[in-house]
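K.L.:
Just so it is clear, I am handing over data-v6.cif, which has mmCIF, C-alpha atoms.
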data_structure
#
loop_
_atom_site.label_atom_id
_atom_site.label_comp_id
_atom_site.auth_asym_id
_atom_site.auth_seq_id
_atom_site.Cartn_x
_atom_site.Cartn_y
_atom_site.Cartn_z
CA MET A 1 154.29 80.52 -2.50
CA SER A 2 156.80 83.09 -1.30
CA GLN A 3 160.35 81.77 -1.03
CA GLY A 4 161.01 83.39 2.35
CA PRO A 5 162.95 81.68 5.12
CA ARG A 6 159.90 79.85 6.47
CA SER A 7 157.90 79.17 3.31
CA GLY A 8 156.26 75.88 2.53
CA LEU A 9 153.64 73.56 3.95
CA ALA A 10 155.71 72.69 7.03
CA ALA A 11 156.03 76.35 7.98
CA VAL A 12 152.30 76.97 7.57
CA SER A 13 151.52 73.87 9.61
CA SER A 14 153.89 75.03 12.34
CA ALA A 15 152.20 78.43 12.48
CA LEU A 16 148.71 76.93 12.68
CA LEU A 17 149.76 74.53 15.44
CA ALA A 18 151.27 77.43 17.38
CA MET A 19 147.95 79.31 17.17
CA SER A 20 145.97 76.32 18.41
CA ARG A 21 148.12 75.92 21.53
CA HIS A 22 146.92 79.14 23.12
CA LEU A 23 143.59 79.75 24.79
CA GLU A 24 143.97 83.36 25.95
CA VAL A 25 142.88 85.91 23.33
CA ARG A 26 145.96 88.10 23.82
CA ASP A 27 148.30 85.11 23.39
CA VAL A 28 146.47 84.02 20.23
CA LEU A 29 146.79 87.51 18.73
CA LYS A 30 150.53 87.62 19.47
CA THR A 31 151.06 84.21 17.89
CA ILE A 32 149.11 85.14 14.77
CA VAL A 33 151.11 88.32 14.25
CA ALA A 34 154.52 86.71 14.91
CA SER A 35 153.68 83.79 12.61
CA ALA A 36 152.54 86.08 9.79
CA ARG A 37 155.66 88.24 9.98
CA GLU A 38 157.99 85.24 9.99
CA LEU A 39 156.18 83.33 7.23
CA LEU A 40 156.11 86.26 4.83
CA ASP A 41 159.51 87.64 5.86
CA ALA A 42 158.30 91.15 6.69
CA ARG A 43 159.79 93.80 8.94
CA TYR A 44 156.52 94.67 10.68
CA ALA A 45 153.21 92.95 11.39
CA ALA A 46 150.11 93.92 13.34
CA LEU A 47 146.60 92.75 14.09
CA GLY A 48 143.85 95.02 15.34
CA VAL A 49 140.54 93.91 16.87
CA PRO A 50 138.02 96.76 16.51
CA ASP A 51 135.77 98.05 19.25
CA ASP A 52 132.39 99.74 18.79
CA HIS A 53 133.73 103.25 19.29
CA GLY A 54 135.93 103.85 16.25
CA GLY A 55 139.08 102.48 17.88
CA PHE A 56 140.60 99.11 18.66
CA ALA A 57 139.85 96.95 21.67
CA GLN A 58 143.20 95.22 21.12
CA PHE A 59 146.12 95.98 18.83
CA VAL A 60 149.12 93.67 18.75
CA VAL A 61 152.35 94.37 16.85
CA ASP A 62 155.50 92.41 16.02
CA GLY A 63 158.78 93.93 14.89
CA VAL A 64 158.41 97.02 17.10
CA SER A 65 160.28 97.19 20.41
CA ASP A 66 158.50 97.92 23.69
CA ALA A 67 160.25 101.29 23.86
CA GLN A 68 159.16 102.18 20.32
CA TRP A 69 155.59 101.12 21.01
CA LYS A 70 155.46 103.22 24.17
CA ALA A 71 156.83 106.23 22.29
CA ILE A 72 154.20 105.88 19.52
CA GLY A 73 151.45 106.64 22.02
CA PRO A 74 147.75 105.68 22.15
CA LEU A 75 146.22 102.89 20.08
CA PRO A 76 145.37 103.91 16.50
CA ARG A 77 141.86 104.83 15.45
CA GLN A 78 139.91 103.15 12.65
CA HIS A 79 140.95 105.35 9.74
CA GLY A 80 142.79 105.18 6.46
CA ILE A 81 143.83 101.75 5.24
CA LEU A 82 142.85 100.10 8.53
CA ALA A 83 139.30 101.37 8.19
CA ALA A 84 139.17 100.23 4.56
CA MET A 85 140.08 96.67 5.51
CA LEU A 86 137.50 96.63 8.30
CA HIS A 87 134.64 98.29 6.43
CA ASP A 88 135.20 97.08 2.85
CA ALA A 89 136.43 93.62 3.92
CA ARG A 90 138.90 93.28 1.05
CA PRO A 91 142.67 92.71 0.80
CA GLU A 92 145.00 95.67 0.35
CA ARG A 93 148.39 95.26 -1.39
CA LEU A 94 150.27 98.53 -1.91
CA ALA A 95 153.69 99.47 -3.27
CA ASP A 96 153.89 102.39 -0.82
CA VAL A 97 151.20 102.92 1.80
CA ARG A 98 152.30 106.54 2.21
CA GLU A 99 151.26 107.37 -1.36
CA ASP A 100 147.76 105.94 -1.02
CA PRO A 101 145.12 108.71 -1.02
CA ARG A 102 143.57 107.18 2.13
CA PHE A 103 146.82 107.48 4.09
CA GLU A 104 146.42 109.95 6.96
CA GLY A 105 149.89 109.89 8.48
CA TRP A 106 151.14 108.46 11.75
CA PRO A 107 152.78 109.66 14.99
CA SER A 108 156.34 110.99 14.87
CA ALA A 109 157.73 107.94 16.71
CA HIS A 110 156.02 105.52 14.31
CA PRO A 111 158.46 103.53 12.11
CA GLU A 112 158.46 104.35 8.39
CA MET A 113 156.52 101.82 6.35
CA SER A 114 156.37 101.46 2.59
CA ASP A 115 155.08 98.32 0.86
CA PHE A 116 152.01 96.94 2.57
CA LEU A 117 149.83 93.83 2.60
CA GLY A 118 146.67 93.65 4.67
CA LEU A 119 143.62 91.42 4.96
CA PRO A 120 140.47 91.44 7.06
CA VAL A 121 140.08 88.59 9.54
CA LYS A 122 136.51 87.31 9.16
CA ASP A 123 134.27 85.00 11.15
CA GLY A 124 131.62 84.24 8.57
CA ASP A 125 130.41 87.63 7.35
CA GLU A 126 131.64 89.46 10.45
CA VAL A 127 134.99 91.25 10.28
CA ILE A 128 136.64 90.62 13.64
CA GLY A 129 140.07 92.06 12.91
CA ALA A 130 142.56 93.50 10.44
CA LEU A 131 145.88 91.71 9.86
CA PHE A 132 148.63 93.50 7.98
CA LEU A 133 152.32 93.35 7.14
CA ALA A 134 154.71 96.11 6.05
CA ASN A 135 158.22 96.41 4.62
CA LYS A 136 158.97 93.09 2.92
CA ASN A 137 162.61 92.09 3.51
CA ARG A 138 164.23 92.07 0.05
CA GLU A 139 167.32 93.12 -1.86
CA ASN A 140 165.80 96.13 -3.64
CA PRO A 141 163.35 97.86 -1.29
CA GLY A 142 161.32 100.56 -2.95
CA ALA A 143 161.07 98.86 -6.35
CA GLY A 144 157.32 98.25 -6.39
CA CYS A 145 155.47 96.13 -3.85
CA GLY A 146 157.61 93.41 -2.34
CA PHE A 147 154.57 91.37 -1.35
CA THR A 148 153.45 89.03 -4.11
CA GLU A 149 150.16 87.47 -5.05
CA GLU A 150 151.45 84.24 -3.50
CA ASP A 151 152.12 86.14 -0.26
CA GLU A 152 148.55 87.38 -0.30
CA GLU A 153 147.25 83.82 -0.77
CA LEU A 154 149.38 82.59 2.12
CA LEU A 155 148.24 85.42 4.38
CA ALA A 156 144.62 84.68 3.44
CA ILE A 157 145.06 81.07 4.63
CA LEU A 158 146.61 82.33 7.85
CA ALA A 159 143.78 84.86 8.33
CA GLN A 160 141.13 82.14 7.95
CA HIS A 161 142.76 80.00 10.62
CA ALA A 162 143.40 83.09 12.73
CA ALA A 163 139.64 83.74 12.76
CA ILE A 164 139.02 80.19 14.00
CA ALA A 165 141.71 80.45 16.68
CA LEU A 166 140.50 83.87 17.81
CA THR A 167 136.86 82.74 17.95
CA ASN A 168 137.83 79.64 19.96
CA ALA A 169 139.86 81.77 22.36
CA ARG A 170 136.92 84.12 22.87
CA LEU A 171 134.60 81.18 23.53
CA TYR A 172 137.10 79.82 26.05
CA GLU A 173 137.29 83.14 27.87
CA ARG A 174 133.50 83.44 27.98
CA SER A 175 133.27 79.90 29.31
CA ARG A 176 135.85 80.75 31.95
CA GLU A 177 133.92 83.88 32.91
CA LEU A 178 130.78 81.78 33.38
CA THR A 179 132.72 79.29 35.51
CA ILE A 180 134.11 82.14 37.61
CA ALA A 181 130.61 83.59 38.01
CA GLU A 182 129.28 80.22 39.15
CA GLU A 183 132.14 79.85 41.61
CA ARG A 184 131.52 83.33 42.99
CA SER A 185 127.85 82.51 43.41
CA ARG A 186 128.79 79.37 45.33
CA LEU A 187 131.17 81.37 47.53
CA ALA A 188 128.46 83.93 48.17
CA HIS A 189 126.05 81.23 49.35
CA GLU A 190 128.72 79.70 51.58
CA LEU A 191 129.53 83.14 52.95
CA HIS A 192 125.88 83.79 53.67
CA ASP A 193 125.54 80.49 55.56
CA ALA A 194 128.78 80.91 57.51
CA VAL A 195 128.21 84.52 58.53
CA SER A 196 124.53 83.87 59.31
CA GLN A 197 125.57 81.11 61.73
CA LYS A 198 128.14 83.37 63.35
CA LEU A 199 125.62 86.21 63.73
CA PHE A 200 123.02 83.82 65.15
CA SER A 201 125.52 82.59 67.75
CA LEU A 202 126.52 86.16 68.42
CA ARG A 203 122.93 87.17 69.14
CA LEU A 204 122.28 84.20 71.45
CA THR A 205 125.50 84.82 73.36
CA ALA A 206 124.72 88.51 73.77
CA GLN A 207 121.23 87.63 75.06
CA ALA A 208 122.75 85.20 77.58
CA ALA A 209 125.19 87.88 78.77
CA ALA A 210 122.32 90.33 79.24
CA ALA A 211 120.37 87.78 81.32
CA LEU A 212 123.39 87.03 83.54
CA VAL A 213 124.75 90.53 84.07
CA ASP A 214 122.81 91.10 87.34
CA ARG A 215 122.83 87.67 89.02
CA ASP A 216 126.20 86.30 87.78
CA PRO A 217 128.54 89.06 86.57
CA ALA A 218 131.47 86.64 86.20
CA ARG A 219 129.59 84.40 83.77
CA ALA A 220 128.24 87.46 81.98
CA LYS A 221 131.83 88.63 81.50
CA ASP A 222 132.75 85.25 79.96
CA GLU A 223 129.78 85.46 77.61
CA LEU A 224 130.75 88.98 76.54
CA HIS A 225 134.27 87.73 75.83
CA GLN A 226 132.72 85.08 73.59
CA VAL A 227 130.72 87.83 71.83
CA ALA A 228 133.98 89.59 70.99
CA VAL A 229 135.51 86.35 69.64
CA LEU A 230 132.49 85.61 67.44
CA ALA A 231 132.39 89.17 66.12
CA ALA A 232 136.09 89.00 65.20
CA GLU A 233 135.56 85.68 63.38
CA ALA A 234 132.62 87.08 61.41
CA ALA A 235 134.66 90.15 60.44
CA ASP A 236 137.56 87.96 59.26
CA GLU A 237 135.23 85.87 57.08
CA LEU A 238 133.72 88.99 55.54
CA ARG A 239 137.16 90.44 54.74
CA ALA A 240 138.26 87.18 53.11
CA ALA A 241 135.06 87.06 51.07
CA VAL A 242 135.56 90.61 49.77
CA VAL A 243 138.97 89.59 48.39
CA GLU A 244 137.64 86.36 46.85
CA LEU A 245 134.54 87.92 45.33
CA ARG A 246 136.25 90.98 43.83
CA PRO A 247 135.57 90.85 40.08
CA ALA A 248 138.46 89.18 38.26
CA ALA A 249 138.03 91.42 35.21
CA LEU A 250 138.56 94.46 37.41
CA ASP A 251 141.88 93.06 38.63
CA GLU A 252 143.05 92.15 35.14
CA ASP A 253 141.60 94.86 32.91
CA GLY A 254 140.94 97.88 35.13
CA LEU A 255 137.76 99.85 35.72
CA ILE A 256 137.34 101.41 32.26
CA ALA A 257 137.68 98.17 30.28
CA THR A 258 135.49 96.26 32.75
CA LEU A 259 132.69 98.82 32.58
CA ARG A 260 132.91 98.94 28.79
CA THR A 261 132.61 95.16 28.55
CA HIS A 262 129.73 95.10 31.03
CA THR A 263 127.74 97.71 29.13
CA GLN A 264 128.36 95.93 25.82
CA VAL A 265 126.91 92.73 27.28
CA LEU A 266 123.85 94.57 28.59
CA ASP A 267 123.41 96.38 25.27
CA ARG A 268 123.14 93.02 23.49
CA ALA A 269 120.81 91.56 26.11
CA HIS A 270 118.26 94.41 26.37
CA ALA A 271 116.03 96.36 24.01
CA ALA A 272 117.31 99.65 25.42
CA ARG A 273 120.53 101.07 23.96
CA VAL A 274 123.31 100.89 26.57
CA THR A 275 126.44 102.94 25.89
CA PHE A 276 129.68 103.74 27.67
CA THR A 277 131.98 106.73 27.45
CA GLY A 278 135.20 107.03 29.36
CA SER A 279 138.93 107.29 29.03
CA GLY A 280 141.81 105.87 30.98
CA PHE A 281 143.07 107.62 34.06
CA ARG A 282 145.43 106.85 36.90
CA ALA A 283 144.26 103.69 38.63
CA LEU A 284 142.32 104.28 41.84
CA PRO A 285 142.64 102.16 44.99
CA ALA A 286 141.04 98.74 44.59
CA ALA A 287 138.22 99.48 47.04
CA GLN A 288 137.24 102.65 45.16
CA GLU A 289 137.26 100.94 41.75
CA GLU A 290 135.12 98.10 43.06
CA ALA A 291 132.66 100.54 44.66
CA LEU A 292 132.34 102.44 41.38
CA LEU A 293 131.75 99.19 39.49
CA ARG A 294 129.14 97.93 41.97
CA VAL A 295 127.24 101.22 41.95
CA ALA A 296 127.30 101.26 38.15
CA GLN A 297 125.91 97.71 38.09
CA GLU A 298 123.13 98.56 40.55
CA ALA A 299 122.21 101.76 38.72
CA LEU A 300 122.16 99.93 35.37
CA HIS A 301 119.95 97.22 36.84
CA ASN A 302 117.49 99.86 38.07
CA ALA A 303 117.48 101.75 34.78
CA LEU A 304 116.93 98.67 32.63
CA ARG A 305 114.31 97.15 34.93
CA HIS A 306 112.31 100.16 36.09
CA SER A 307 112.86 103.23 33.90
CA GLY A 308 111.37 102.05 30.62
CA GLY A 309 113.90 104.26 28.83
CA ALA A 310 115.25 103.72 25.33
CA HIS A 311 118.82 104.73 26.18
CA VAL A 312 121.08 104.28 29.20
CA ASP A 313 124.53 105.85 29.22
CA VAL A 314 127.39 105.13 31.60
CA SER A 315 130.31 107.55 31.79
CA VAL A 316 133.45 107.83 33.90
CA GLU A 317 135.71 110.86 33.90
CA ARG A 318 138.58 112.16 35.95
CA ARG A 319 137.94 114.87 38.52
CA GLY A 320 141.03 116.07 40.32
CA GLY A 321 142.80 112.99 41.59
CA GLY A 322 139.57 111.01 41.73
CA ALA A 323 136.74 110.10 39.40
CA VAL A 324 133.06 110.72 38.69
CA LEU A 325 130.67 107.99 37.55
CA ARG A 326 127.33 108.85 35.94
CA VAL A 327 124.56 106.46 34.90
CA THR A 328 121.84 108.32 32.99
CA ASP A 329 118.60 107.07 31.45
CA ASP A 330 115.87 108.79 29.46
CA GLY A 331 113.09 106.86 31.18
CA CYS A 332 110.07 107.73 33.31
CA GLY A 333 112.04 109.16 36.23
CA PHE A 334 110.75 109.36 39.82
CA ASP A 335 110.61 111.56 42.88
CA PRO A 336 113.54 110.44 45.10
CA LYS A 337 111.82 111.80 48.23
CA ALA A 338 108.58 109.96 47.48
CA VAL A 339 110.43 106.72 46.86
CA ARG A 340 112.26 107.07 50.16
CA HIS A 341 109.08 107.84 52.09
CA ALA A 342 107.32 104.85 50.51
CA GLY A 343 110.07 102.57 51.75
CA ARG A 344 111.16 101.63 48.20
CA HIS A 345 114.82 102.51 47.90
CA LEU A 346 115.66 101.03 44.46
CA GLY A 347 119.08 100.16 45.87
CA LEU A 348 119.83 103.79 46.71
CA VAL A 349 120.69 102.99 50.31
CA SER A 350 123.27 100.36 49.35
CA MET A 351 124.70 102.64 46.64
CA ARG A 352 125.07 105.49 49.14
CA ASP A 353 126.69 103.11 51.61
CA ARG A 354 129.18 101.96 48.98
CA ALA A 355 130.01 105.56 48.06
CA SER A 356 130.46 106.71 51.66
CA GLY A 357 132.45 103.57 52.46
CA VAL A 358 135.24 104.75 50.15
CA GLY A 359 135.01 108.44 51.07
CA GLY A 360 132.78 109.33 48.15
CA THR A 361 129.35 110.84 47.60
CA LEU A 362 126.27 109.71 45.69
CA THR A 363 123.74 112.13 44.20
CA VAL A 364 120.44 111.28 42.51
CA TYR A 365 118.94 113.62 39.91
CA SER A 366 115.43 112.61 38.85
CA ALA A 367 111.86 113.79 38.45
CA PRO A 368 108.73 112.16 37.01
CA GLY A 369 108.96 112.12 33.22
CA GLU A 370 112.51 113.51 33.14
CA GLY A 371 114.74 110.44 33.38
CA THR A 372 117.31 109.70 36.07
CA THR A 373 121.00 110.34 36.64
CA ILE A 374 122.96 108.57 39.38
CA GLU A 375 126.24 110.35 40.05
CA MET A 376 128.98 109.01 42.27
CA GLU A 377 132.21 110.86 42.99
CA VAL A 378 135.23 109.39 44.74
CA PRO A 379 138.39 111.24 45.78
CA GLY A 380 141.89 110.27 44.69
CA GLY A 381 143.78 107.63 46.60
#
What does the file become when written as structure tokens?
P.N.:
Amino acid sequence: MSQGPRSGLAAVSSALLAMSRHLEVRDVLKTIVASARELLDARYAALGVPDDHGGFAQFVVDGVSDAQWKAIGPLPRQHGILAAMLHDARPERLADVREDPRFEGWPSAHPEMSDFLGLPVKDGDEVIGALFLANKNRENPGAGCGFTEEDEELLAILAQHAAIALTNARLYERSRELTIAEERSRLAHELHDAVSQKLFSLRLTAQAAAALVDRDPARAKDELHQVAVLAAEAADELRAAVVELRPAALDEDGLIATLRTHTQVLDRAHAARVTFTGSGFRALPAAQEEALLRVAQEALHNALRHSGGAHVDVSVERRGGGAVLRVTDDGCGFDPKAVRHAGRHLGLVSMRDRASGVGGTLTVYSAPGEGTTIEMEVPGG
């Protein structure tokens, strides 16, 4: 094995133990990358987890400062050597990555890299990431590839255990999401019971006040005071519930990442193809982001349940200081006026209420046989 500063069985064991201590995916990725760089005595290390859109859902680096990383710019795309490791699923050991015919350059702020060692991270036959090192620390840089065959063997062991750690972390996060969903469902039921009781009391008290207003105005006044108290209590409970039930992923990941994840889940669960297009933009106020998410969820539910379409697309784009959400399907379509007159709203009333509640608008484009587009626009905060 490589005779670097942390070579040997004890160093490998220490790295594997460090990986197993973390349950969050991001923490696991950081530990894998830091361990690989230290074990193989390299200047730079990185691990990319691909998404389904030609980019990376996560990309973690070690050996690059925060300022450097910010200056480099957006996450890399799947091209060049990175794409080769992901698509061909084979190791890459190069004397100078810049001289490889697949090399396509990098941003001006990117550090210069020469010798290179990379391996795919695989869970069974599935490639779930690309782990690579660059610039082996040595006395004579530039004289061939500094990474040895022994280094490659060591990195392969680390990559195998990295796949296990990453898979376990993903399972933990999914389990946590299910637990959160169950807890939110419980809170929703409790909210329904509590507010229903308050509204029932409110109705009875208002009826009593109406009966007393002519024969006993003083008592009617007391009852109306109680109506005001009950209404205030119900409003407080609703406000608290909105905070508690706001999707955790929206708080942590933002609207774009949350919608992308949601559509990926639906795409796996349904026969119809569900896709998402969107790019990051300045964060909107929390109420607007939640309204956009809820409308997208309702529109997706309608499209997948009622349209019979083969493809549903969700998109979000910036418009001025605000944003526009579109959910489009290629299904059977409908006549919005006929649906409204028949008393079947397909959630359109609640979607319009959510849009207007945050100062936005909701427009429905549909006709029989021509699919449906739900468009919601919200202004900037």
K.L.:
What are the nearest atom pairs, with distances in Å to one decimal, for all residues of region 49-79 of chain A that come at most 12 Å from region 273-296 of chain A, using only C-alpha atoms, set out by chain and rising residue number as a Markdown table?
P.N.:
| residue | atom | partner | partner_atom | distance |
| --- | --- | --- | --- | --- |
| A:Asp51 | CA | A:Phe276 | CA | 11.8 |
| A:Asp52 | CA | A:Thr275 | CA | 9.8 |
| A:His53 | CA | A:Thr277 | CA | 9.0 |
| A:Pro74 | CA | A:Gly280 | CA | 10.6 |
K.L.:
Could you work out how far CA of Ala257 (chain A) lies from CA of Arg37 (chain A), giving the answer in Å with one decimal?
P.N.:
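Atom-to-atom, CA of Arg37 (chain A) and CA of Ala257 (chain A) are spaced 28.9 Å apart.
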K.L.:
Between CA of Leu29 (chain A) and CA of Glu149 (chain A), what is the distance in Å, rounded to a tenth?
P.N.:
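Calculated distance between CA of Leu29 (chain A) and CA of Glu149 (chain A) is 24.0 Å.
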K.L.:
Which value, in Å to one decimal, gives the distance between CA of His161 (chain A) and CA of Gly124 (chain A)?
P.N.:
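A separation of 12.1 Å between them.
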K.L.:
Translate the PyMOL selection byres ((chain A and resi 61-71) around 10) into a concrete residue list for this structure, as a PDB file with C-alpha atoms, in the coordinates of the input.
P.N.:
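Result file follows (expr06.pdb):
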ATOM      1  CA  LEU A  29     146.790  87.510  18.730  1.00  0.00           C
ATOM      2  CA  LYS A  30     150.530  87.620  19.470  1.00  0.00           C
ATOM      3  CA  THR A  31     151.060  84.210  17.890  1.00  0.00           C
ATOM      4  CA  ILE A  32     149.110  85.140  14.770  1.00  0.00           C
ATOM      5  CA  VAL A  33     151.110  88.320  14.250  1.00  0.00           C
ATOM      6  CA  ALA A  34     154.520  86.710  14.910  1.00  0.00           C
ATOM      7  CA  SER A  35     153.680  83.790  12.610  1.00  0.00           C
ATOM      8  CA  ALA A  36     152.540  86.080   9.790  1.00  0.00           C
ATOM      9  CA  ARG A  37     155.660  88.240   9.980  1.00  0.00           C
ATOM     10  CA  GLU A  38     157.990  85.240   9.990  1.00  0.00           C
ATOM     11  CA  ALA A  42     158.300  91.150   6.690  1.00  0.00           C
ATOM     12  CA  ARG A  43     159.790  93.800   8.940  1.00  0.00           C
ATOM     13  CA  TYR A  44     156.520  94.670  10.680  1.00  0.00           C
ATOM     14  CA  ALA A  45     153.210  92.950  11.390  1.00  0.00           C
ATOM     15  CA  ALA A  46     150.110  93.920  13.340  1.00  0.00           C
ATOM     16  CA  LEU A  47     146.600  92.750  14.090  1.00  0.00           C
ATOM     17  CA  GLY A  48     143.850  95.020  15.340  1.00  0.00           C
ATOM     18  CA  PHE A  59     146.120  95.980  18.830  1.00  0.00           C
ATOM     19  CA  VAL A  60     149.120  93.670  18.750  1.00  0.00           C
ATOM     20  CA  ILE A  72     154.200 105.880  19.520  1.00  0.00           C
ATOM     21  CA  GLY A  73     151.450 106.640  22.020  1.00  0.00           C
ATOM     22  CA  PRO A  74     147.750 105.680  22.150  1.00  0.00           C
ATOM     23  CA  LEU A  75     146.220 102.890  20.080  1.00  0.00           C
ATOM     24  CA  PRO A 107     152.780 109.660  14.990  1.00  0.00           C
ATOM     25  CA  SER A 108     156.340 110.990  14.870  1.00  0.00           C
ATOM     26  CA  ALA A 109     157.730 107.940  16.710  1.00  0.00           C
ATOM     27  CA  HIS A 110     156.020 105.520  14.310  1.00  0.00           C
ATOM     28  CA  PRO A 111     158.460 103.530  12.110  1.00  0.00           C
ATOM     29  CA  LEU A 131     145.880  91.710   9.860  1.00  0.00           C
ATOM     30  CA  PHE A 132     148.630  93.500   7.980  1.00  0.00           C
ATOM     31  CA  LEU A 133     152.320  93.350   7.140  1.00  0.00           C
ATOM     32  CA  ALA A 134     154.710  96.110   6.050  1.00  0.00           C
TER      33      ALA A 134
END
K.L.:
Is it possible to get the residues within 12 Å of (133.9, 84.1, 4.1) (coordinates as in the file, counting all atoms listed in the file) written as a VMD selection string?
P.N.:
chain A and resid 89 to 90 120 to 128 156 to 157 159 to 161 163 to 164
K.L.:
How would the residues just picked look written out with C-alpha atoms as an mmCIF file, keeping the file's coordinate frame?
P.N.:
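This went into out32.cif:
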data_model
loop_
_atom_site.group_PDB
_atom_site.id
_atom_site.type_symbol
_atom_site.label_atom_id
_atom_site.label_comp_id
_atom_site.auth_asym_id
_atom_site.auth_seq_id
_atom_site.Cartn_x
_atom_site.Cartn_y
_atom_site.Cartn_z
ATOM 1 C CA ALA A 89 136.430 93.620 3.920
ATOM 2 C CA ARG A 90 138.900 93.280 1.050
ATOM 3 C CA PRO A 120 140.470 91.440 7.060
ATOM 4 C CA VAL A 121 140.080 88.590 9.540
ATOM 5 C CA LYS A 122 136.510 87.310 9.160
ATOM 6 C CA ASP A 123 134.270 85.000 11.150
ATOM 7 C CA GLY A 124 131.620 84.240 8.570
ATOM 8 C CA ASP A 125 130.410 87.630 7.350
ATOM 9 C CA GLU A 126 131.640 89.460 10.450
ATOM 10 C CA VAL A 127 134.990 91.250 10.280
ATOM 11 C CA ILE A 128 136.640 90.620 13.640
ATOM 12 C CA ALA A 156 144.620 84.680 3.440
ATOM 13 C CA ILE A 157 145.060 81.070 4.630
ATOM 14 C CA ALA A 159 143.780 84.860 8.330
ATOM 15 C CA GLN A 160 141.130 82.140 7.950
ATOM 16 C CA HIS A 161 142.760 80.000 10.620
ATOM 17 C CA ALA A 163 139.640 83.740 12.760
ATOM 18 C CA ILE A 164 139.020 80.190 14.000
#
K.L.:
Nearest residue to Leu348 (chain A) out of A:Gly309, A:Gly54, A:Pro101, A:Pro336, using all atoms listed in the file?
P.N.:
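Among the listed residues, the smallest separation from Leu348 (chain A) belongs to A:Pro336.
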K.L.:
Taking (109.5, 103.1, 34.9) in the file's own coordinates, collect the residues within 9 Å, counting all atoms listed in the file, and hand them back as a list in words.
P.N.:
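The residues that fall inside the cut-off are Ala303, Leu304, Arg305, His306, Ser307, Gly308, Gly309, Gly331, Cys332, Gly333 and Phe334 of chain A.
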K.L.:
With only C-alpha atoms as the basis for distance, which of A:Ala367, A:Ile256, A:Met113, A:Ala355 is at the shortest distance from Asp335 (chain A)?
P.N.:
A:Ala367
